[in-house]
file data.txt (compact mmCIF, N, CA and C atoms)
# COMPACT_ATOMS: atom_id res chain seq x y z
N MET A 1 -12.40 0.46 28.31
CA MET A 1 -11.22 0.06 29.03
C MET A 1 -11.49 -1.21 29.84
N TYR A 2 -12.74 -1.53 30.11
CA TYR A 2 -13.02 -2.69 30.93
C TYR A 2 -14.00 -3.62 30.25
N ASP A 3 -14.03 -4.82 30.74
CA ASP A 3 -14.92 -5.86 30.20
C ASP A 3 -15.61 -6.53 31.38
N PHE A 4 -16.87 -6.19 31.59
CA PHE A 4 -17.59 -6.72 32.74
C PHE A 4 -17.77 -8.23 32.67
N ASP A 5 -17.80 -8.80 31.47
CA ASP A 5 -17.96 -10.25 31.35
C ASP A 5 -16.75 -11.00 31.88
N GLU A 6 -15.57 -10.49 31.59
CA GLU A 6 -14.34 -11.17 32.02
C GLU A 6 -13.79 -10.62 33.33
N ASP A 7 -14.19 -9.44 33.70
CA ASP A 7 -13.67 -8.81 34.92
C ASP A 7 -14.82 -8.08 35.63
N PRO A 8 -15.81 -8.85 36.13
CA PRO A 8 -17.01 -8.21 36.70
C PRO A 8 -16.74 -7.31 37.91
N LYS A 9 -15.69 -7.56 38.64
CA LYS A 9 -15.38 -6.73 39.81
C LYS A 9 -14.41 -5.60 39.47
N ARG A 10 -14.08 -5.48 38.18
CA ARG A 10 -13.22 -4.41 37.67
C ARG A 10 -11.84 -4.43 38.34
N ILE A 11 -11.32 -5.62 38.57
CA ILE A 11 -10.00 -5.76 39.20
C ILE A 11 -8.94 -5.05 38.37
N LYS A 12 -9.00 -5.20 37.06
CA LYS A 12 -7.99 -4.55 36.20
C LYS A 12 -8.06 -3.03 36.32
N ASP A 13 -9.29 -2.49 36.40
CA ASP A 13 -9.44 -1.04 36.55
C ASP A 13 -8.89 -0.57 37.89
N LYS A 14 -9.20 -1.33 38.95
CA LYS A 14 -8.70 -0.96 40.28
C LYS A 14 -7.17 -1.05 40.33
N LEU A 15 -6.61 -2.04 39.66
CA LEU A 15 -5.16 -2.17 39.62
C LEU A 15 -4.55 -1.01 38.85
N PHE A 16 -5.18 -0.61 37.75
CA PHE A 16 -4.72 0.55 36.97
C PHE A 16 -4.67 1.79 37.88
N CYS A 17 -5.72 2.02 38.64
CA CYS A 17 -5.76 3.18 39.54
C CYS A 17 -4.68 3.06 40.61
N SER A 18 -4.51 1.87 41.15
CA SER A 18 -3.49 1.67 42.17
C SER A 18 -2.09 1.93 41.61
N MET A 19 -1.82 1.42 40.43
CA MET A 19 -0.50 1.60 39.81
C MET A 19 -0.24 3.06 39.44
N SER A 20 -1.29 3.83 39.26
CA SER A 20 -1.11 5.23 38.89
C SER A 20 -0.33 5.99 39.95
N ALA A 21 -0.39 5.53 41.20
CA ALA A 21 0.33 6.20 42.29
C ALA A 21 1.83 6.17 42.10
N HIS A 22 2.32 5.30 41.24
CA HIS A 22 3.76 5.22 40.97
C HIS A 22 4.23 6.28 39.97
N PHE A 23 3.29 6.92 39.29
CA PHE A 23 3.63 7.88 38.26
C PHE A 23 2.99 9.25 38.49
N LEU A 24 2.08 9.31 39.45
CA LEU A 24 1.35 10.55 39.74
C LEU A 24 1.54 10.92 41.20
N THR A 25 1.24 12.15 41.55
CA THR A 25 1.38 12.58 42.94
C THR A 25 0.22 12.10 43.80
N GLU A 26 -0.86 11.68 43.17
CA GLU A 26 -2.02 11.09 43.86
C GLU A 26 -2.50 9.92 43.03
N GLU A 27 -3.04 8.93 43.72
CA GLU A 27 -3.62 7.79 43.01
C GLU A 27 -4.89 8.24 42.28
N LEU A 28 -5.01 7.82 41.06
CA LEU A 28 -6.20 8.12 40.27
C LEU A 28 -7.42 7.52 40.97
N PRO A 29 -8.47 8.31 41.19
CA PRO A 29 -9.65 7.76 41.86
C PRO A 29 -10.28 6.66 41.01
N VAL A 30 -10.81 5.64 41.65
CA VAL A 30 -11.39 4.51 40.91
C VAL A 30 -12.53 4.96 40.01
N ASP A 31 -13.29 5.96 40.43
CA ASP A 31 -14.40 6.41 39.59
C ASP A 31 -13.92 7.11 38.31
N ALA A 32 -12.63 7.41 38.23
CA ALA A 32 -12.08 8.04 37.03
C ALA A 32 -12.15 7.12 35.81
N ILE A 33 -12.26 5.83 36.05
CA ILE A 33 -12.35 4.88 34.94
C ILE A 33 -13.57 5.19 34.09
N ASP A 34 -14.60 5.77 34.68
CA ASP A 34 -15.82 6.10 33.94
C ASP A 34 -15.80 7.51 33.37
N TRP A 35 -14.74 8.25 33.61
CA TRP A 35 -14.62 9.61 33.07
C TRP A 35 -14.35 9.56 31.57
N GLU A 36 -14.62 10.67 30.92
CA GLU A 36 -14.24 10.84 29.52
C GLU A 36 -12.71 10.90 29.45
N GLU A 37 -12.17 10.48 28.33
CA GLU A 37 -10.71 10.43 28.15
C GLU A 37 -10.07 11.79 28.38
N ASP A 38 -10.70 12.86 27.90
CA ASP A 38 -10.14 14.21 28.08
C ASP A 38 -10.03 14.58 29.55
N LYS A 39 -11.03 14.19 30.34
CA LYS A 39 -11.00 14.51 31.78
C LYS A 39 -9.86 13.76 32.47
N ILE A 40 -9.63 12.51 32.07
CA ILE A 40 -8.53 11.75 32.64
C ILE A 40 -7.19 12.40 32.26
N ASP A 41 -7.06 12.80 31.00
CA ASP A 41 -5.82 13.47 30.55
C ASP A 41 -5.54 14.72 31.38
N ILE A 42 -6.57 15.51 31.62
CA ILE A 42 -6.40 16.74 32.40
C ILE A 42 -5.99 16.41 33.84
N TRP A 43 -6.64 15.40 34.43
CA TRP A 43 -6.32 15.01 35.80
C TRP A 43 -4.88 14.53 35.89
N VAL A 44 -4.46 13.72 34.92
CA VAL A 44 -3.08 13.22 34.90
C VAL A 44 -2.11 14.39 34.78
N ASP A 45 -2.39 15.33 33.88
CA ASP A 45 -1.52 16.51 33.73
C ASP A 45 -1.40 17.29 35.04
N GLU A 46 -2.48 17.37 35.79
CA GLU A 46 -2.47 18.13 37.04
C GLU A 46 -1.78 17.39 38.19
N HIS A 47 -1.62 16.07 38.06
CA HIS A 47 -1.09 15.26 39.16
C HIS A 47 0.15 14.45 38.77
N VAL A 48 0.74 14.80 37.65
CA VAL A 48 1.89 14.01 37.19
C VAL A 48 3.09 14.22 38.12
N TRP A 49 3.81 13.14 38.37
CA TRP A 49 5.00 13.17 39.22
C TRP A 49 6.10 13.92 38.48
N GLU A 50 6.93 14.65 39.18
CA GLU A 50 7.94 15.55 38.60
C GLU A 50 8.78 14.93 37.49
N PRO A 51 9.29 13.70 37.61
CA PRO A 51 10.10 13.15 36.51
C PRO A 51 9.35 13.04 35.18
N PHE A 52 8.02 13.09 35.24
CA PHE A 52 7.22 12.95 34.02
C PHE A 52 6.50 14.24 33.64
N GLU A 53 6.86 15.36 34.27
CA GLU A 53 6.11 16.60 34.07
C GLU A 53 6.15 17.13 32.64
N PHE A 54 7.13 16.73 31.85
CA PHE A 54 7.20 17.21 30.47
C PHE A 54 6.70 16.16 29.48
N TRP A 55 6.19 15.07 29.99
CA TRP A 55 5.63 14.01 29.15
C TRP A 55 4.19 14.35 28.79
N ASP A 56 3.76 13.87 27.66
CA ASP A 56 2.36 13.96 27.28
C ASP A 56 1.55 13.04 28.21
N SER A 57 0.38 13.47 28.60
CA SER A 57 -0.43 12.67 29.53
C SER A 57 -0.72 11.27 28.98
N LYS A 58 -0.89 11.15 27.68
CA LYS A 58 -1.16 9.84 27.08
C LYS A 58 0.03 8.89 27.25
N ASP A 59 1.24 9.42 27.22
CA ASP A 59 2.43 8.60 27.43
C ASP A 59 2.52 8.13 28.88
N VAL A 60 2.14 8.99 29.81
CA VAL A 60 2.13 8.60 31.22
C VAL A 60 1.05 7.53 31.44
N ILE A 61 -0.10 7.71 30.83
CA ILE A 61 -1.17 6.71 30.93
C ILE A 61 -0.71 5.38 30.36
N ASP A 62 0.04 5.42 29.27
CA ASP A 62 0.59 4.18 28.69
C ASP A 62 1.51 3.47 29.69
N LEU A 63 2.31 4.24 30.42
CA LEU A 63 3.19 3.65 31.44
C LEU A 63 2.37 2.99 32.55
N ILE A 64 1.32 3.68 32.97
CA ILE A 64 0.46 3.13 34.03
C ILE A 64 -0.20 1.85 33.53
N GLU A 65 -0.70 1.87 32.30
CA GLU A 65 -1.34 0.67 31.73
C GLU A 65 -0.36 -0.49 31.64
N ALA A 66 0.87 -0.21 31.23
CA ALA A 66 1.89 -1.27 31.12
C ALA A 66 2.20 -1.86 32.50
N ALA A 67 2.34 -1.00 33.50
CA ALA A 67 2.62 -1.48 34.85
C ALA A 67 1.46 -2.31 35.39
N ALA A 68 0.24 -1.85 35.15
CA ALA A 68 -0.94 -2.58 35.61
C ALA A 68 -1.06 -3.93 34.90
N TRP A 69 -0.84 -3.95 33.60
CA TRP A 69 -0.92 -5.20 32.83
C TRP A 69 0.12 -6.20 33.34
N HIS A 70 1.34 -5.74 33.52
CA HIS A 70 2.41 -6.62 33.97
C HIS A 70 2.08 -7.17 35.38
N SER A 71 1.61 -6.31 36.25
CA SER A 71 1.24 -6.75 37.61
C SER A 71 0.11 -7.77 37.56
N TYR A 72 -0.88 -7.53 36.73
CA TYR A 72 -2.01 -8.45 36.61
C TYR A 72 -1.54 -9.81 36.09
N GLN A 73 -0.69 -9.80 35.08
CA GLN A 73 -0.17 -11.05 34.53
C GLN A 73 0.66 -11.80 35.57
N PHE A 74 1.47 -11.08 36.31
CA PHE A 74 2.27 -11.70 37.36
C PHE A 74 1.38 -12.37 38.40
N MET A 75 0.34 -11.65 38.82
CA MET A 75 -0.55 -12.22 39.83
C MET A 75 -1.29 -13.44 39.30
N LYS A 76 -1.73 -13.39 38.05
CA LYS A 76 -2.40 -14.55 37.46
C LYS A 76 -1.48 -15.77 37.43
N GLN A 77 -0.24 -15.56 37.05
CA GLN A 77 0.72 -16.66 36.92
C GLN A 77 1.17 -17.20 38.28
N ASN A 78 1.07 -16.39 39.30
CA ASN A 78 1.56 -16.79 40.63
C ASN A 78 0.45 -16.83 41.67
N LEU A 79 -0.79 -16.94 41.24
CA LEU A 79 -1.92 -16.87 42.15
C LEU A 79 -1.84 -17.93 43.26
N GLU A 80 -1.51 -19.14 42.91
CA GLU A 80 -1.46 -20.20 43.91
C GLU A 80 -0.43 -19.88 44.99
N ASP A 81 0.76 -19.47 44.57
CA ASP A 81 1.79 -19.11 45.55
C ASP A 81 1.37 -17.91 46.39
N LEU A 82 0.75 -16.92 45.75
CA LEU A 82 0.30 -15.74 46.49
C LEU A 82 -0.75 -16.11 47.54
N CYS A 83 -1.66 -16.99 47.18
CA CYS A 83 -2.70 -17.40 48.12
C CYS A 83 -2.15 -18.25 49.25
N ASN A 84 -1.09 -18.97 48.99
CA ASN A 84 -0.48 -19.84 50.01
C ASN A 84 0.59 -19.13 50.83
N GLY A 85 0.81 -17.87 50.53
CA GLY A 85 1.80 -17.10 51.29
C GLY A 85 3.23 -17.50 51.03
N VAL A 86 3.48 -18.09 49.86
CA VAL A 86 4.84 -18.52 49.51
C VAL A 86 5.64 -17.36 48.99

call {"tool": "encode", "arguments": {"input": "data.txt", "output": "structure tokens"}}
result
Amino acid sequence: MYDFDEDPKRIKDKLFCSMSAHFLTEELPVDAIDWEEDKIDIWVDEHVWEPFEFWDSKDVIDLIEAAAWHSYQFMKQNLEDLCNGV
């Protein structure tokens, strides 16, 4: 899920965990990125937000990934403005 060469501080992973709070009742712990896929699926199933309770955990994870990707792209494209407080 991560690439230390291009993202040595794991910003994308941390953003994924942060965005998970929008779809789960608790934010996915950052150390979960190193968990096995099955363990993440179980954790998501146990913490899924009510509107998504009948969704497959993989579909919820796809939503989190999409939100994280979009946020990352937005920040990359607007980094200068974000840093300047515009």

call {"tool": "residues_around", "arguments": {"input": "data.txt", "residues": "Trp49 in chain A", "least_positions_apart": "5", "cutoff": "6.5 Å", "atoms": "all atoms listed in the file", "output": "list in words"}}
result
Phe23, Leu24 and Thr25 of chain A

call {"tool": "atom_distance", "arguments": {"input": "data.txt", "atom1": "CA of Ile40 in chain A", "atom2": "CA of Glu65 in chain A"}}
result
13.2 Å

call {"tool": "select_by_dssp", "arguments": {"input": "data.txt", "residues": "range 46-83 of chain A", "states": "alpha helix (DSSP H)", "output": "list in words"}}
result
Glu46, His47, Ser57, Lys58, Asp59, Val60, Ile61, Asp62, Leu63, Ile64, Glu65, Ala66, Ala67, Ala68, Trp69, His70, Ser71, Tyr72, Gln73, Phe74, Met75, Lys76, Gln77, Leu79, Glu80, Asp81, Leu82 and Cys83 of chain A

call {"tool": "residues_around", "arguments": {"input": "data.txt", "residues": "range 42-47 of chain A", "least_positions_apart": "6", "cutoff": "8 Å", "atoms": "only C-alpha atoms", "output": "ChimeraX atom specification"}}
result
/A:24-26,53,56-57,60-61

call {"tool": "atom_distance", "arguments": {"input": "data.txt", "atom1": "atom C of Gln77 in chain A", "atom2": "CA of Asp34 in chain A"}}
result
29.2 Å

call {"tool": "axis_aligned_box", "arguments": {"input": "data.txt", "around": "range 23-31 of chain A", "padding_each_side": "3 Å", "output": "JSON"}}
result
{"center_x": -5.4, "center_y": 8.5, "center_z": 41.1, "size_x": 24.0, "size_y": 14.1, "size_z": 11.6}

call {"tool": "atom_distance", "arguments": {"input": "data.txt", "atom1": "CA of Ile11 in chain A", "atom2": "atom N of Asp62 in chain A"}}
result
18.0 Å

call {"tool": "closest_residue", "arguments": {"input": "data.txt", "among": "A:Ala68, A:Asp59, A:Ala32, A:Glu50", "to": "Phe16 in chain A", "atoms": "all atoms listed in the file"}}
result
A:Ala68
